[in-house]
>>> print(open('work-v8.cif').read())   # mmCIF, C-alpha atoms
data_final
#
loop_
_atom_site.group_PDB
_atom_site.id
_atom_site.type_symbol
_atom_site.label_atom_id
_atom_site.label_comp_id
_atom_site.auth_asym_id
_atom_site.auth_seq_id
_atom_site.Cartn_x
_atom_site.Cartn_y
_atom_site.Cartn_z
ATOM 1 C CA MET A 1 102.548 114.349 113.645
ATOM 2 C CA ALA A 2 98.848 113.691 114.156
ATOM 3 C CA SER A 3 97.670 110.148 114.690
ATOM 4 C CA LEU A 4 95.790 108.424 111.880
ATOM 5 C CA THR A 5 94.600 105.550 114.054
ATOM 6 C CA GLY A 6 91.177 104.364 112.947
ATOM 7 C CA LYS A 7 91.596 105.813 109.445
ATOM 8 C CA VAL A 8 91.990 104.014 106.117
ATOM 9 C CA ALA A 9 94.139 105.490 103.355
ATOM 10 C CA ILE A 10 94.274 104.491 99.698
ATOM 11 C CA VAL A 11 97.609 105.344 98.096
ATOM 12 C CA THR A 12 97.474 105.170 94.307
ATOM 13 C CA GLY A 13 100.795 104.072 92.910
ATOM 14 C CA GLY A 14 101.767 102.925 96.399
ATOM 15 C CA SER A 15 103.915 100.057 95.204
ATOM 16 C CA GLY A 16 107.048 102.025 94.452
ATOM 17 C CA GLY A 17 109.027 105.222 94.658
ATOM 18 C CA LEU A 18 107.351 108.135 96.381
ATOM 19 C CA GLY A 19 104.098 106.186 96.748
ATOM 20 C CA SER A 20 105.864 103.499 98.773
ATOM 21 C CA ALA A 21 107.369 106.100 101.086
ATOM 22 C CA ILE A 22 103.961 107.697 101.562
ATOM 23 C CA VAL A 23 102.425 104.306 102.412
ATOM 24 C CA GLN A 24 105.062 103.676 105.057
ATOM 25 C CA GLN A 25 104.657 107.124 106.641
ATOM 26 C CA ILE A 26 100.879 106.894 106.757
ATOM 27 C CA ALA A 27 101.033 103.385 108.234
ATOM 28 C CA ALA A 28 103.556 104.536 110.834
ATOM 29 C CA ARG A 29 100.982 107.111 111.968
ATOM 30 C CA GLY A 30 98.428 104.343 112.540
ATOM 31 C CA ALA A 31 96.300 104.205 109.405
ATOM 32 C CA LYS A 32 95.363 101.004 107.630
ATOM 33 C CA VAL A 33 96.660 101.388 104.079
ATOM 34 C CA VAL A 34 95.497 100.124 100.705
ATOM 35 C CA VAL A 35 98.530 99.872 98.409
ATOM 36 C CA HIS A 36 97.220 100.406 94.878
ATOM 37 C CA TYR A 37 99.203 99.140 91.914
ATOM 38 C CA ALA A 38 98.480 98.753 88.217
ATOM 39 C CA ARG A 39 101.314 96.312 87.444
ATOM 40 C CA GLY A 40 103.983 94.673 89.534
ATOM 41 C CA VAL A 41 102.339 92.681 92.284
ATOM 42 C CA GLU A 42 105.766 91.771 93.681
ATOM 43 C CA ASN A 43 106.602 95.382 94.527
ATOM 44 C CA ALA A 44 103.192 95.934 96.075
ATOM 45 C CA GLN A 45 103.594 92.842 98.250
ATOM 46 C CA LYS A 46 107.035 94.055 99.384
ATOM 47 C CA VAL A 47 105.486 97.333 100.534
ATOM 48 C CA VAL A 48 102.705 95.466 102.355
ATOM 49 C CA SER A 49 105.280 93.198 104.021
ATOM 50 C CA ALA A 50 107.338 96.209 105.110
ATOM 51 C CA VAL A 51 104.286 97.823 106.711
ATOM 52 C CA GLU A 52 103.293 94.601 108.439
ATOM 53 C CA SER A 53 106.823 94.016 109.736
ATOM 54 C CA GLU A 54 106.512 97.354 111.554
ATOM 55 C CA GLY A 55 103.193 96.332 113.107
ATOM 56 C CA GLY A 56 100.938 98.120 110.628
ATOM 57 C CA GLU A 57 98.089 96.902 108.464
ATOM 58 C CA ALA A 58 98.098 97.046 104.674
ATOM 59 C CA LEU A 59 96.766 95.243 101.652
ATOM 60 C CA ALA A 60 97.653 95.357 97.976
ATOM 61 C CA LEU A 61 94.964 96.110 95.405
ATOM 62 C CA GLN A 62 95.469 95.832 91.657
ATOM 63 C CA ALA A 63 93.357 98.104 89.474
ATOM 64 C CA ASP A 64 93.670 100.103 86.293
ATOM 65 C CA LEU A 65 91.981 103.283 87.479
ATOM 66 C CA ALA A 66 91.306 104.326 83.885
ATOM 67 C CA GLN A 67 88.939 101.330 83.566
ATOM 68 C CA VAL A 68 85.524 101.662 85.189
ATOM 69 C CA GLU A 69 85.244 97.862 85.518
ATOM 70 C CA ASP A 70 88.385 97.761 87.664
ATOM 71 C CA ILE A 71 87.124 100.546 89.920
ATOM 72 C CA ARG A 72 83.769 98.855 90.495
ATOM 73 C CA ARG A 73 85.196 95.355 90.984
ATOM 74 C CA ASP A 74 84.713 93.681 94.346
ATOM 75 C CA ILE A 75 87.885 93.038 96.289
#
>>> encode(input="work-v8.cif", output="structure tokens")
Amino acid sequence: MASLTGKVAIVTGGSGGLGSAIVQQIAARGAKVVVHYARGVENAQKVVSAVESEGGEALALQADLAQVEDIRRDI
């Protein structure tokens, strides 16, 4: 697999299911990952913690991507 070191990935729906698995694979390849979630901060934080426990970097970001205000909001 190619390295993703120095890259940043945003995974929509990254707090559970397939999205969570994608986050972990991308992080394992070296990317910093933004774990998007609409609801369920606890699940998003678990995914972030799992990435960090493996030495990766991740952060959770709540946004309703159907709402322009959420997309434009400062982190």
>>> atom_distance(input="work-v8.cif", atom1="CA of Ala63 in chain A", atom2="CA of Ala21 in chain A")
19.9 Å
>>> resolve_selection(input="work-v8.cif", expression="the PyMOL selection byres ((chain A and resi 10) around 6)", output="PyMOL selection string")
chain A and resi 9+11+33-34
>>> resolve_selection(input="work-v8.cif", expression="the PyMOL selection byres ((chain A and resi 5) around 7)", output="number ranges by chain")
A: 3-4, 6-7, 29-31
>>> atom_distance(input="work-v8.cif", atom1="CA of Ala58 in chain A", atom2="CA of Val35 in chain A")
6.9 Å
>>> resolve_selection(input="work-v8.cif", expression="the PyMOL selection byres ((chain A and resi 19) around 12)", output="PyMOL selection string")
chain A and resi 9-18+20-26+33-37+43-44+47
>>> residues_around(input="work-v8.cif", residues="Asp64 in chain A", least_positions_apart="2", cutoff="12 Å", atoms="only C-alpha atoms", output="PyMOL selection string")
chain A and resi 12-13+36-39+61-62+66-73
>>> atom_distance(input="work-v8.cif", atom1="CA of Lys32 in chain A", atom2="CA of Val8 in chain A")
4.8 Å
>>> axis_aligned_box(input="work-v8.cif", around="range 22-41 of chain A", padding_each_side="4 Å", output="JSON")
{"center_x": 100.2, "center_y": 100.2, "center_z": 100.0, "size_x": 17.7, "size_y": 23.0, "size_z": 33.1}
